[in-house]
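J.: So I've got this file, data_5.cif, and it contains mmCIF, C-alpha atoms and all ligand atoms:
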data_my_file
#
loop_
_atom_site.label_atom_id
_atom_site.label_comp_id
_atom_site.auth_asym_id
_atom_site.auth_seq_id
_atom_site.Cartn_x
_atom_site.Cartn_y
_atom_site.Cartn_z
CA MET A 12 175.65 105.81 132.73
CA THR A 13 175.45 108.98 130.68
CA THR A 14 172.85 108.75 127.94
CA THR A 15 172.09 111.49 125.47
CA ARG A 16 169.95 111.69 122.39
CA PHE A 17 169.56 113.66 119.21
CA ALA A 18 165.87 113.90 118.37
CA PRO A 19 165.18 115.35 114.93
CA SER A 20 161.75 115.39 113.34
CA PRO A 21 162.04 113.84 109.89
CA THR A 22 160.25 116.70 108.18
CA GLY A 23 163.23 118.07 106.27
CA TYR A 24 166.98 117.84 105.83
CA ILE A 25 169.06 118.60 108.89
CA HIS A 26 171.00 121.84 108.87
CA ILE A 27 173.89 123.39 110.72
CA GLY A 28 171.70 124.38 113.69
CA ASN A 29 170.52 120.78 114.13
CA LEU A 30 174.07 119.61 113.81
CA ARG A 31 175.09 121.75 116.76
CA THR A 32 172.52 119.95 118.91
CA ALA A 33 173.54 116.54 117.58
CA LEU A 34 177.23 117.21 118.10
CA PHE A 35 176.92 118.47 121.68
CA ASN A 36 174.88 115.44 122.66
CA TYR A 37 177.25 113.12 120.85
CA LEU A 38 180.36 114.60 122.48
CA ILE A 39 178.87 114.44 125.96
CA ALA A 40 177.96 110.77 125.54
CA ARG A 41 181.32 109.82 124.06
CA ALA A 42 183.36 111.75 126.63
CA ALA A 43 181.56 109.83 129.36
CA GLY A 44 181.77 106.48 127.58
CA GLY A 45 177.97 106.56 127.54
CA GLU A 46 175.25 106.00 124.99
CA PHE A 47 174.14 108.27 122.16
CA ILE A 48 170.65 107.64 120.85
CA LEU A 49 169.24 108.77 117.53
CA ARG A 50 165.56 109.32 118.18
CA ILE A 51 163.28 110.01 115.27
CA ASP A 52 160.44 112.27 116.40
CA ASP A 53 157.88 111.13 113.87
CA THR A 54 154.57 111.36 115.70
CA ASP A 55 153.25 113.61 112.94
CA PRO A 56 152.38 111.15 110.16
CA GLU A 57 151.57 113.88 107.69
CA ARG A 58 154.85 115.74 107.80
CA SER A 59 157.25 112.91 108.62
CA LYS A 60 158.83 111.25 105.60
CA GLN A 61 161.00 108.15 105.31
CA GLU A 62 163.26 109.95 102.84
CA TYR A 63 164.19 112.41 105.59
CA VAL A 64 164.80 109.59 108.07
CA ASP A 65 167.25 108.15 105.53
CA ALA A 66 168.80 111.53 104.88
CA ILE A 67 169.33 112.24 108.58
CA GLN A 68 171.18 108.94 108.97
CA GLU A 69 173.23 109.64 105.87
CA ASP A 70 174.21 113.11 107.06
CA LEU A 71 175.17 111.97 110.55
CA THR A 72 177.19 109.12 109.07
CA TRP A 73 179.01 111.52 106.78
CA LEU A 74 180.00 113.53 109.84
CA GLY A 75 181.04 110.43 111.77
CA LEU A 76 178.42 110.99 114.48
CA THR A 77 177.57 107.35 115.00
CA TRP A 78 174.69 106.39 117.25
CA ASP A 79 174.39 103.35 119.49
CA ARG A 80 170.68 102.94 119.16
CA MET A 81 167.90 104.29 117.00
CA GLU A 82 164.30 104.67 118.10
CA ARG A 83 161.22 105.92 116.34
CA GLN A 84 158.37 107.53 118.19
CA SER A 85 155.86 106.07 115.75
CA ASP A 86 156.77 102.61 117.11
CA ARG A 87 155.91 103.61 120.67
CA ILE A 88 152.33 104.83 120.51
CA GLU A 89 151.14 102.16 122.95
CA ARG A 90 153.57 103.43 125.54
CA TYR A 91 152.26 106.97 125.11
CA GLU A 92 148.68 105.70 125.54
CA GLU A 93 149.75 104.13 128.79
CA ALA A 94 151.38 107.33 130.03
CA ALA A 95 148.30 109.34 129.04
CA GLN A 96 146.11 106.95 130.99
CA LYS A 97 148.27 107.35 134.07
CA LEU A 98 148.01 111.12 133.82
CA ARG A 99 144.22 110.82 133.46
CA ASP A 100 144.00 108.51 136.45
CA ASP A 101 146.10 110.88 138.51
CA GLY A 102 143.97 113.88 137.61
CA ARG A 103 146.78 115.59 135.67
CA PHE A 104 145.07 115.39 132.30
CA TYR A 105 141.86 117.13 131.26
CA GLU A 106 139.84 117.23 128.12
CA CYS A 107 139.28 120.54 126.31
CA PHE A 108 137.05 121.52 123.46
CA GLU A 109 137.78 125.12 122.47
CA THR A 110 138.45 125.60 118.79
CA PRO A 111 141.57 127.46 117.66
CA GLY A 112 139.33 130.43 116.88
CA GLU A 113 137.82 130.45 120.36
CA LEU A 114 141.26 130.24 121.95
CA ASP A 115 142.47 133.07 119.82
CA LEU A 116 139.59 135.24 120.95
CA LYS A 117 140.36 134.46 124.58
CA ARG A 118 143.98 135.39 124.08
CA LYS A 119 143.05 138.68 122.47
CA LYS A 120 140.72 139.55 125.33
CA GLN A 121 143.42 138.74 127.90
CA LEU A 122 145.96 140.83 126.06
CA ASN A 123 143.51 143.74 125.83
CA MET A 124 143.08 143.56 129.57
CA GLY A 125 146.84 143.56 130.02
CA LYS A 126 146.90 139.94 131.15
CA PRO A 127 149.28 137.25 129.94
CA PRO A 128 147.61 135.03 127.31
CA VAL A 129 147.53 131.90 129.44
CA TYR A 130 144.80 129.29 128.94
CA ASP A 131 142.08 129.94 131.54
CA ARG A 132 141.29 126.27 132.26
CA SER A 133 137.60 126.81 131.65
CA SER A 134 137.27 123.24 130.38
CA LEU A 135 137.94 122.07 133.91
CA ASN A 136 134.52 123.43 134.87
CA LEU A 137 132.57 121.42 132.31
CA SER A 138 130.14 118.84 133.64
CA GLU A 139 130.19 115.29 132.29
CA ALA A 140 127.01 116.00 130.36
CA GLU A 141 128.50 119.11 128.76
CA LYS A 142 131.64 117.19 127.83
CA ASP A 143 129.58 114.38 126.26
CA LYS A 144 127.73 116.91 124.18
CA LEU A 145 130.86 118.74 123.04
CA ARG A 146 132.67 115.49 122.34
CA ALA A 147 129.86 114.42 120.04
CA GLU A 148 129.99 117.76 118.23
CA ARG A 149 133.70 118.33 117.78
CA GLY A 150 135.90 115.86 119.67
CA GLY A 151 138.19 116.83 122.48
CA TYR A 152 141.89 117.16 123.04
CA TRP A 153 143.94 116.80 126.20
CA ARG A 154 145.92 119.21 128.29
CA PHE A 155 148.35 118.51 131.08
CA LYS A 156 147.40 120.30 134.29
CA LEU A 157 150.48 122.12 135.49
CA ASN A 158 151.04 122.58 139.19
CA GLN A 159 151.03 126.34 139.44
CA GLU A 160 154.34 126.80 141.17
CA ARG A 161 157.82 127.85 140.16
CA ILE A 162 159.83 125.34 138.20
CA ASN A 163 163.56 125.61 138.84
CA TRP A 164 166.51 123.90 137.27
CA LYS A 165 170.19 124.41 136.84
CA ASP A 166 170.83 124.67 133.14
CA GLY A 167 174.19 123.42 131.90
CA ILE A 168 174.64 126.57 129.81
CA LEU A 169 172.17 129.16 131.07
CA GLY A 170 172.76 128.56 134.78
CA ASP A 171 169.94 128.78 137.34
CA LEU A 172 166.57 129.10 135.63
CA SER A 173 163.16 129.56 137.14
CA ILE A 174 159.85 129.69 135.32
CA ASP A 175 156.52 130.32 136.97
CA ALA A 176 154.15 127.61 135.75
CA ALA A 177 151.24 130.02 136.27
CA SER A 178 152.62 132.07 133.36
CA VAL A 179 152.47 129.11 130.98
CA SER A 180 149.37 127.55 129.42
CA ASP A 181 148.69 123.94 130.30
CA PRO A 182 150.28 122.17 127.34
CA VAL A 183 148.17 120.19 124.90
CA LEU A 184 149.61 116.68 124.79
CA ILE A 185 147.04 114.89 122.65
CA ARG A 186 145.37 116.52 119.67
CA GLY A 187 141.72 116.21 118.73
CA ASP A 188 142.55 113.58 116.13
CA GLY A 189 144.29 111.48 118.79
CA GLN A 190 147.81 112.33 117.69
CA PHE A 191 150.31 112.45 120.55
CA LEU A 192 152.27 115.61 120.58
CA TYR A 193 156.01 115.77 120.84
CA THR A 194 156.11 116.85 124.48
CA LEU A 195 154.45 113.74 125.88
CA ALA A 196 156.29 111.41 123.53
CA SER A 197 159.62 113.02 124.26
CA VAL A 198 159.16 112.83 128.00
CA CYS A 199 158.17 109.15 127.90
CA ASP A 200 161.17 108.36 125.73
CA ASP A 201 163.61 110.27 127.89
CA ILE A 202 162.35 108.38 130.93
CA ASP A 203 162.27 104.94 129.29
CA PHE A 204 165.65 105.25 127.56
CA GLY A 205 167.33 106.54 130.70
CA VAL A 206 168.36 109.83 129.12
CA THR A 207 170.55 111.65 131.63
CA ASP A 208 171.51 114.77 129.65
CA VAL A 209 169.43 116.77 127.21
CA VAL A 210 171.08 119.49 125.16
CA ARG A 211 168.87 121.41 122.78
CA GLY A 212 168.25 124.88 121.42
CA SER A 213 167.17 127.71 123.70
CA ASP A 214 163.82 127.81 121.88
CA HIS A 215 162.97 124.81 124.09
CA VAL A 216 163.43 126.52 127.47
CA THR A 217 159.69 126.90 128.15
CA ASN A 218 159.08 123.32 127.03
CA THR A 219 161.63 122.23 129.55
CA ALA A 220 159.71 123.82 132.40
CA THR A 221 156.56 121.93 131.50
CA GLN A 222 158.46 118.74 130.70
CA ILE A 223 160.00 118.73 134.16
CA GLN A 224 156.53 118.58 135.66
CA ILE A 225 155.37 115.89 133.27
CA ILE A 226 158.46 113.79 133.99
CA GLU A 227 157.77 114.09 137.69
CA ALA A 228 154.09 113.26 137.20
CA LEU A 229 155.13 110.08 135.36
CA GLY A 230 157.56 109.13 138.09
CA GLY A 231 160.70 109.71 135.98
CA LYS A 232 164.03 111.22 136.91
CA VAL A 233 164.59 114.74 135.54
CA PRO A 234 167.69 114.79 133.28
CA ASN A 235 170.31 117.55 133.21
CA PHE A 236 169.20 120.15 130.73
CA ALA A 237 171.38 122.53 128.77
CA HIS A 238 170.07 125.00 126.19
CA HIS A 239 172.47 126.34 123.64
CA SER A 240 171.95 129.67 121.93
CA LEU A 241 170.55 129.78 118.45
CA LEU A 242 172.78 130.34 115.45
CA THR A 243 172.52 133.46 113.38
CA GLY A 244 174.12 134.41 110.07
CA PRO A 245 177.38 136.39 110.01
CA GLN A 246 175.54 139.71 110.44
CA GLY A 247 173.34 138.42 113.24
CA GLU A 248 170.43 137.79 110.87
CA ALA A 249 168.11 134.86 111.58
CA LEU A 250 169.63 131.75 110.11
CA SER A 251 166.30 130.32 109.12
CA LYS A 252 166.20 132.63 106.12
CA ARG A 253 169.25 130.92 104.76
CA LEU A 254 168.67 127.41 105.97
CA GLY A 255 168.23 126.19 102.44
CA THR A 256 171.89 126.80 101.78
CA LEU A 257 173.03 125.46 105.12
CA ALA A 258 171.71 121.92 104.92
CA LEU A 259 174.47 119.48 105.77
CA ARG A 260 174.03 117.70 102.49
CA ASP A 261 174.68 120.90 100.59
CA MET A 262 177.89 121.38 102.53
CA ARG A 263 178.86 117.84 101.68
CA ALA A 264 178.11 118.50 98.01
CA ALA A 265 180.22 121.66 98.18
CA GLY A 266 183.18 119.56 99.28
CA ILE A 267 183.35 120.88 102.86
CA SER A 268 185.24 118.53 105.14
CA PRO A 269 183.27 116.94 108.00
CA MET A 270 186.05 117.58 110.50
CA ALA A 271 186.06 121.26 109.54
CA VAL A 272 182.35 121.45 110.34
CA LEU A 273 182.76 119.55 113.59
CA SER A 274 185.85 121.46 114.72
CA LEU A 275 184.10 124.77 114.20
CA MET A 276 180.82 123.77 115.79
CA ALA A 277 182.42 122.16 118.84
CA ARG A 278 183.84 125.54 119.81
CA LEU A 279 181.84 128.32 118.14
CA GLY A 280 179.99 130.27 120.82
CA SER A 281 182.25 129.04 123.62
CA SER A 282 185.07 130.82 125.39
CA ASP A 283 187.56 128.30 123.98
CA PRO A 284 189.19 129.19 120.66
CA VAL A 285 188.24 127.26 117.54
CA GLU A 286 190.93 124.67 116.87
CA LEU A 287 191.10 122.58 113.78
CA ARG A 288 191.08 118.87 114.65
CA SER A 289 191.44 116.01 112.26
CA GLU A 290 190.38 113.32 114.73
CA MET A 291 187.10 112.92 116.57
CA ASP A 292 188.89 111.78 119.74
CA SER A 293 190.58 115.11 120.27
CA LEU A 294 187.27 116.93 119.72
CA ILE A 295 185.70 114.72 122.36
CA ALA A 296 188.55 115.33 124.81
CA GLY A 297 188.49 119.10 124.30
CA PHE A 298 184.74 119.67 124.61
CA ASP A 299 183.29 121.49 127.59
CA ILE A 300 179.64 122.51 127.52
CA SER A 301 180.04 124.85 130.47
CA LYS A 302 182.23 127.10 128.31
CA PHE A 303 179.30 128.04 126.06
CA GLY A 304 177.49 131.33 126.46
CA SER A 305 173.88 132.37 126.08
CA ALA A 306 174.40 135.02 123.38
CA PRO A 307 173.29 134.14 119.84
CA THR A 308 176.17 132.55 117.97
CA LYS A 309 177.22 133.92 114.60
CA PHE A 310 177.93 131.33 111.99
CA ASP A 311 179.58 131.98 108.64
CA ILE A 312 179.88 129.14 106.19
CA GLU A 313 182.88 130.91 104.66
CA ASP A 314 184.89 130.01 107.77
CA LEU A 315 184.64 126.37 106.80
CA LYS A 316 186.48 126.81 103.53
CA PRO A 317 189.99 127.66 104.80
CA MET A 318 189.52 125.04 107.51
CA THR A 319 188.66 122.46 104.89
CA ALA A 320 191.64 123.57 102.79
CA LYS A 321 193.98 123.17 105.74
CA LEU A 322 192.64 119.71 106.58
CA LEU A 323 192.96 118.63 102.97
CA ALA A 324 196.52 119.90 102.65
CA ASP A 325 197.46 117.72 105.62
CA GLN A 326 195.96 114.54 104.17
CA PRO A 327 198.46 111.83 103.34
CA PHE A 328 198.30 110.54 99.78
CA GLU A 329 196.85 107.18 100.84
CA LYS A 330 193.74 108.91 102.13
CA VAL A 331 193.00 110.59 98.81
CA ALA A 332 194.42 107.99 96.42
CA ASP A 333 191.01 106.60 95.43
CA HIS A 334 189.60 110.03 94.75
CA ILE A 335 192.60 110.91 92.58
CA ALA A 336 192.45 107.62 90.71
CA ALA A 337 188.77 108.30 90.00
CA LEU A 338 189.76 111.54 88.28
CA GLY A 339 191.81 109.47 85.84
CA VAL A 340 195.25 110.50 87.06
CA PRO A 341 197.69 107.70 86.07
CA SER A 342 198.98 105.86 89.12
CA GLU A 343 202.65 106.60 88.41
CA ILE A 344 202.11 110.34 88.81
CA ALA A 345 199.20 110.27 91.28
CA SER A 346 201.30 110.88 94.36
CA ASP A 347 203.20 113.76 92.70
CA PHE A 348 199.90 115.20 91.54
CA TRP A 349 198.68 115.27 95.16
CA GLY A 350 201.98 116.77 96.32
CA ALA A 351 201.64 119.59 93.81
CA THR A 352 197.99 120.40 94.34
CA ARG A 353 197.28 119.74 98.03
CA GLU A 354 197.94 123.31 99.07
CA ASN A 355 196.16 124.78 96.11
CA ILE A 356 192.66 123.49 96.71
CA GLN A 357 189.84 124.58 98.95
CA THR A 358 187.80 121.44 98.52
CA MET A 359 188.39 118.09 96.83
CA ASP A 360 186.30 119.33 93.93
CA ASP A 361 189.11 121.71 93.01
CA LEU A 362 191.33 118.77 92.06
CA GLY A 363 189.35 118.15 88.89
CA PRO A 364 190.30 121.42 87.17
CA TRP A 365 193.96 120.93 88.07
CA TRP A 366 194.00 117.51 86.47
CA GLU A 367 192.19 118.91 83.48
CA LEU A 368 194.94 121.50 83.11
CA PHE A 369 197.78 119.02 83.50
CA LYS A 370 196.19 116.50 81.15
CA ASN A 371 195.13 118.79 78.33
CA GLY A 372 197.40 121.77 78.78
CA CYS A 373 196.03 125.26 78.54
CA GLU A 374 195.72 128.09 76.13
CA PRO A 375 198.98 129.96 76.87
CA VAL A 376 198.62 133.46 78.29
CA ILE A 377 201.38 135.59 76.77
CA ASP A 378 201.54 139.36 77.14
CA PRO A 379 202.67 141.09 73.90
CA GLU A 380 205.90 142.29 75.49
CA ASP A 381 206.76 138.72 76.45
CA ALA A 382 206.12 137.11 73.06
CA ASP A 383 209.79 136.94 71.94
CA PHE A 384 210.94 135.94 75.37
CA ILE A 385 208.50 133.01 75.52
CA LYS A 386 209.48 131.89 72.03
CA GLU A 387 213.13 131.81 73.03
CA ALA A 388 212.43 130.15 76.37
CA MET A 389 210.36 127.43 74.73
CA SER A 390 213.13 126.66 72.29
CA LEU A 391 215.35 125.99 75.31
CA LEU A 392 212.87 123.68 77.07
CA PRO A 393 214.09 120.10 76.72
CA ASP A 394 211.64 117.48 75.49
CA GLY A 395 209.95 115.51 78.24
CA PRO A 396 209.63 113.61 80.36
CA HIS A 397 210.45 116.35 82.79
CA THR A 398 211.60 115.85 86.34
CA GLN A 399 211.63 117.99 89.47
CA GLU A 400 215.03 119.28 88.33
CA THR A 401 213.92 120.41 84.88
CA TRP A 402 212.42 123.72 85.99
CA GLY A 403 215.62 124.85 87.77
CA GLU A 404 217.89 123.82 84.92
CA TRP A 405 215.65 125.29 82.29
CA THR A 406 215.07 128.67 83.96
CA LYS A 407 218.82 128.94 84.56
CA ALA A 408 219.44 128.48 80.87
CA VAL A 409 216.67 130.95 79.98
CA LYS A 410 218.11 133.50 82.38
CA GLU A 411 221.53 133.20 80.77
CA ALA A 412 220.12 133.48 77.26
CA THR A 413 217.73 136.39 77.88
CA GLY A 414 219.17 138.22 80.88
CA ARG A 415 215.76 138.15 82.58
CA LYS A 416 215.49 137.27 86.24
CA GLY A 417 213.12 137.12 89.21
CA ARG A 418 209.45 137.75 88.58
CA GLY A 419 210.08 138.99 85.03
CA LEU A 420 211.52 135.59 84.25
CA PHE A 421 209.20 133.26 86.17
CA MET A 422 205.77 134.86 85.81
CA PRO A 423 205.57 134.91 82.00
CA LEU A 424 206.67 131.26 81.99
CA ARG A 425 204.01 130.31 84.53
CA LYS A 426 201.32 132.10 82.51
CA ALA A 427 202.44 130.53 79.26
CA LEU A 428 202.46 127.05 80.78
CA THR A 429 199.41 127.15 83.02
CA GLY A 430 197.36 130.09 81.76
CA MET A 431 197.30 131.45 85.34
CA ASP A 432 199.38 133.72 87.50
CA HIS A 433 199.18 131.51 90.57
CA GLY A 434 199.27 127.83 91.47
CA PRO A 435 201.60 125.13 92.73
CA ASP A 436 205.36 125.37 92.60
CA MET A 437 206.39 125.29 88.91
CA LYS A 438 209.09 122.78 89.76
CA SER A 439 206.28 120.30 90.52
CA VAL A 440 203.98 121.49 87.77
CA LEU A 441 206.36 120.95 84.89
CA PRO A 442 206.72 117.16 85.26
CA LEU A 443 202.94 116.83 85.56
CA LEU A 444 202.08 118.76 82.42
CA GLN A 445 201.20 116.21 79.77
CA VAL A 446 200.80 118.83 77.05
CA ILE A 447 202.63 122.14 76.66
CA ARG A 448 200.83 124.11 74.04
CA ALA A 449 203.16 127.10 74.29
CA LYS A 450 205.87 124.86 72.87
CA GLN A 451 203.82 123.65 69.91
N1 LIG A 501 162.04 116.91 117.77
C1 LIG A 501 162.35 118.01 118.64
C2 LIG A 501 162.95 119.14 117.82
O1 LIG A 501 163.36 118.90 116.74
C3 LIG A 501 163.30 117.57 119.71
C4 LIG A 501 163.55 118.56 120.77
C5 LIG A 501 164.23 117.92 121.95
O2 LIG A 501 165.45 117.75 121.87
O3 LIG A 501 163.57 117.55 122.89
O4 LIG A 501 162.94 120.28 118.20
#
Here is the file; what I need is its structure written in the form of structure tokens.
Ligand code: GLU
T.:
Amino acid sequence: MTTTRFAPSPTGYIHIGNLRTALFNYLIARAAGGEFILRIDDTDPERSKQEYVDAIQEDLTWLGLTWDRMERQSDRIERYEEAAQKLRDDGRFYECFETPGELDLKRKKQLNMGKPPVYDRSSLNLSEAEKDKLRAERGGYWRFKLNQERINWKDGILGDLSIDAASVSDPVLIRGDGQFLYTLASVCDDIDFGVTDVVRGSDHVTNTATQIQIIEALGGKVPNFAHHSLLTGPQGEALSKRLGTLALRDMRAAGISPMAVLSLMARLGSSDPVELRSEMDSLIAGFDISKFGSAPTKFDIEDLKPMTAKLLADQPFEKVADHIAALGVPSEIASDFWGATRENIQTMDDLGPWWELFKNGCEPVIDPEDADFIKEAMSLLPDGPHTQETWGEWTKAVKEATGRKGRGLFMPLRKALTGMDHGPDMKSVLPLLQVIRAKQ
């Protein structure tokens, strides 16, 4: 069975870059009829917050990315202890005592000598007596002893990859305060939950090399890895600078449609064109991870607005009826209101101002040269209620009376009635207008 997971750390709100990872893993699991796990990487008790765990679930639910199972790393500490003990017993774990300052000095020396700043394993040479002494002074932490050989894997996006383990420092898996670090926890979880496919950002490529060795050391089966490129802003600038504005919850608050976000992200950075989908099933069917490239992917939130507008315009009335009722639109005109406005909104939030206009009317906009014309036209406007036919009949009569036609006829009327030079078809607007101030 195909099993994937999305593994956010609950240290903040998830953003568009996280969503890309979540979505790819979700689509792979669903396409294969497999399992999608939401794994909360909360081994860091200081930075992990329940409010973010809640927010992550809320955001994924908003997008419709439902998970089959949720796990929290903080519930699994015993399992990590067990794995650590196995690594100790097998001679793959060793205790170190260098302080961050000492390590930094070593790195600087190596760099000065033109060597790669890889940990020199000097702790391996400590005698038991030396270790006892150091442990009493400052406590130790644990590194995984990499086999110094090449680590190869076929990446689902990047193709054949090969990293020389000798160029990587032995990773620290347990901190001095006993906290398990993400790498060990993640590997144990992937093994225990039967994760078959891991998609994550390309910032994890080096982790993957070391994780492959740890998985093997723990007797697990190495999953298929795929590393997607990182997102940048529209000009190629690092997205992190703007992450504040790209949190999923901010997009939700801005009225962006979930299917617009998902449609864009399921294709952006791949050789397939972006296609707007209104159903998750067609996104699942059309997803192919092998079509993605390694180049950084430019993301522009502005692209989501016309996509949202298009999705909204296609919504049947029943889908938006509750939202429209909540605005206070009377039920007998609610469907006509949607018919008139659906193509004139970018997000659902834009409906409010339209209803405001229809309900309360507007301050008429009348150019001086149109003042007499408007006065005459208004005298010809029959009293309401107006129907879809009223506009045609009325403008015909106005044309006959004033000799105006085309834009010179219609535009001043639109501006007098709506205060704007654009908007829905006036034929639909007129019956919706509850107040016509230009007539008063
Ligand atoms: N918690 C890790 C992160 O947010 C998960 C990485 C992974 O998918 O293994 O980067």
J.: Throw together the list of residues within 10 Å of ligand LIG 501 (chain A), counting all atoms listed in the file, and drop it here as number ranges by chain.
T.: A: 15-22, 25, 29, 32-33, 36, 50-54, 193-194, 196-198, 200-201, 209-212, 214-215, 218-219, 222, 236, 238
J.: Closest to Gly430 in chain A among A:Met389, A:Ala351, A:Leu368, A:Met12, using only C-alpha atoms?
T.: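 For Gly430 in chain A, the nearest of the candidates is A:Leu368.
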J.: Kindly give the distance, in Å, that separates CA of Asp383 in chain A and CA of Leu424 in chain A, rounded to a single decimal.
T.: 12.0 Å
J.: Measure the distance from CA of Ile312 in chain A to CA of Phe298 in chain A in Å and round it to one decimal.
T.: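 A separation of 21.3 Å between them.
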J.: Which residues of range 104-140 of chain A sit at most 12 Å from range 81-98 of chain A, using all atoms listed in the file? Give each one's shortest atom pair and distance in Å (one decimal place), in chain and ascending residue order, as a tab-separated table.
T.:
residue	atom	partner	partner_atom	distance
A:Phe104	CA	A:Leu98	CA	5.4
A:Tyr105	CA	A:Leu98	CA	9.0
A:Glu106	CA	A:Ala95	CA	11.6
J.: Of the residues A:Arg154, A:Trp78, A:Gly102, A:Lys144, which is the one nearest to Phe191 in chain A, using all atoms listed in the file?
T.: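 Nearest candidate to Phe191 in chain A out of A:Arg154, A:Trp78, A:Gly102, A:Lys144: A:Arg154.
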J.: Kindly give the distance, in Å, that separates CA of Ser180 in chain A and CA of Lys156 in chain A, rounded to a single decimal.
T.: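 Separation of CA of Ser180 in chain A and CA of Lys156 in chain A: 9.0 Å.
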J.: Do you know which residues are at most 7 Å from Gly187 in chain A counting only C-alpha atoms, after dropping those on the same chain fewer than 3 positions away, and could you put them as a ChimeraX atom specification?
T.: /A:150-152
J.: For a cut-off of 10 Å around (216.1, 134.1, 79.1), file coordinates, pick out all residues using all atoms listed in the file and list them as a PyMOL selection string.
T.: chain A and resi 383-389+391+405-416+419-421
J.: Here is a test: counting all atoms listed in the file, which residue of A:Ile27, A:Trp164, A:Glu354, A:Gly280 is nearest to Val216 in chain A?
T.: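 Once distances to Val216 in chain A are computed over all atoms listed in the file, the minimum belongs to A:Trp164.
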J.: Mind filling out range 192-208 of chain A with N, CA and C atoms and sending it as a PDB file, in the coordinates of the input?
T.:
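Output (rebuild-v3.pdb):
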ATOM      1  N   LEU A 192     151.356 114.547 120.946  1.00  0.00           N
ATOM      2  CA  LEU A 192     152.270 115.610 120.580  1.00  0.00           C
ATOM      3  C   LEU A 192     153.655 115.337 121.153  1.00  0.00           C
ATOM      4  N   TYR A 193     154.607 115.995 120.528  1.00  0.00           N
ATOM      5  CA  TYR A 193     156.010 115.770 120.840  1.00  0.00           C
ATOM      6  C   TYR A 193     156.318 115.787 122.337  1.00  0.00           C
ATOM      7  N   THR A 194     155.728 116.703 123.067  1.00  0.00           N
ATOM      8  CA  THR A 194     156.110 116.850 124.480  1.00  0.00           C
ATOM      9  C   THR A 194     155.898 115.569 125.265  1.00  0.00           C
ATOM     10  N   LEU A 195     154.723 114.957 125.120  1.00  0.00           N
ATOM     11  CA  LEU A 195     154.450 113.740 125.880  1.00  0.00           C
ATOM     12  C   LEU A 195     155.361 112.604 125.408  1.00  0.00           C
ATOM     13  N   ALA A 196     155.473 112.485 124.094  1.00  0.00           N
ATOM     14  CA  ALA A 196     156.290 111.410 123.530  1.00  0.00           C
ATOM     15  C   ALA A 196     157.742 111.558 123.987  1.00  0.00           C
ATOM     16  N   SER A 197     158.221 112.773 123.930  1.00  0.00           N
ATOM     17  CA  SER A 197     159.620 113.020 124.260  1.00  0.00           C
ATOM     18  C   SER A 197     159.906 112.694 125.730  1.00  0.00           C
ATOM     19  N   VAL A 198     158.988 113.091 126.577  1.00  0.00           N
ATOM     20  CA  VAL A 198     159.160 112.830 128.000  1.00  0.00           C
ATOM     21  C   VAL A 198     159.162 111.325 128.293  1.00  0.00           C
ATOM     22  N   CYS A 199     158.209 110.611 127.705  1.00  0.00           N
ATOM     23  CA  CYS A 199     158.170 109.150 127.900  1.00  0.00           C
ATOM     24  C   CYS A 199     159.470 108.518 127.439  1.00  0.00           C
ATOM     25  N   ASP A 200     159.942 108.953 126.272  1.00  0.00           N
ATOM     26  CA  ASP A 200     161.170 108.360 125.730  1.00  0.00           C
ATOM     27  C   ASP A 200     162.363 108.663 126.629  1.00  0.00           C
ATOM     28  N   ASP A 201     162.465 109.910 127.037  1.00  0.00           N
ATOM     29  CA  ASP A 201     163.610 110.270 127.890  1.00  0.00           C
ATOM     30  C   ASP A 201     163.607 109.427 129.162  1.00  0.00           C
ATOM     31  N   ILE A 202     162.424 109.202 129.717  1.00  0.00           N
ATOM     32  CA  ILE A 202     162.350 108.380 130.930  1.00  0.00           C
ATOM     33  C   ILE A 202     162.731 106.928 130.603  1.00  0.00           C
ATOM     34  N   ASP A 203     162.077 106.375 129.572  1.00  0.00           N
ATOM     35  CA  ASP A 203     162.270 104.940 129.290  1.00  0.00           C
ATOM     36  C   ASP A 203     163.680 104.618 128.817  1.00  0.00           C
ATOM     37  N   PHE A 204     164.311 105.544 128.088  1.00  0.00           N
ATOM     38  CA  PHE A 204     165.650 105.250 127.560  1.00  0.00           C
ATOM     39  C   PHE A 204     166.740 105.681 128.538  1.00  0.00           C
ATOM     40  N   GLY A 205     166.331 106.152 129.687  1.00  0.00           N
ATOM     41  CA  GLY A 205     167.330 106.540 130.700  1.00  0.00           C
ATOM     42  C   GLY A 205     168.188 107.708 130.284  1.00  0.00           C
ATOM     43  N   VAL A 206     167.581 108.659 129.568  1.00  0.00           N
ATOM     44  CA  VAL A 206     168.360 109.830 129.120  1.00  0.00           C
ATOM     45  C   VAL A 206     168.758 110.667 130.342  1.00  0.00           C
ATOM     46  N   THR A 207     170.051 110.918 130.455  1.00  0.00           N
ATOM     47  CA  THR A 207     170.550 111.650 131.630  1.00  0.00           C
ATOM     48  C   THR A 207     170.845 113.112 131.318  1.00  0.00           C
ATOM     49  N   ASP A 208     171.107 113.415 130.032  1.00  0.00           N
ATOM     50  CA  ASP A 208     171.510 114.770 129.650  1.00  0.00           C
ATOM     51  C   ASP A 208     170.811 115.163 128.364  1.00  0.00           C
TER      52      ASP A 208
END
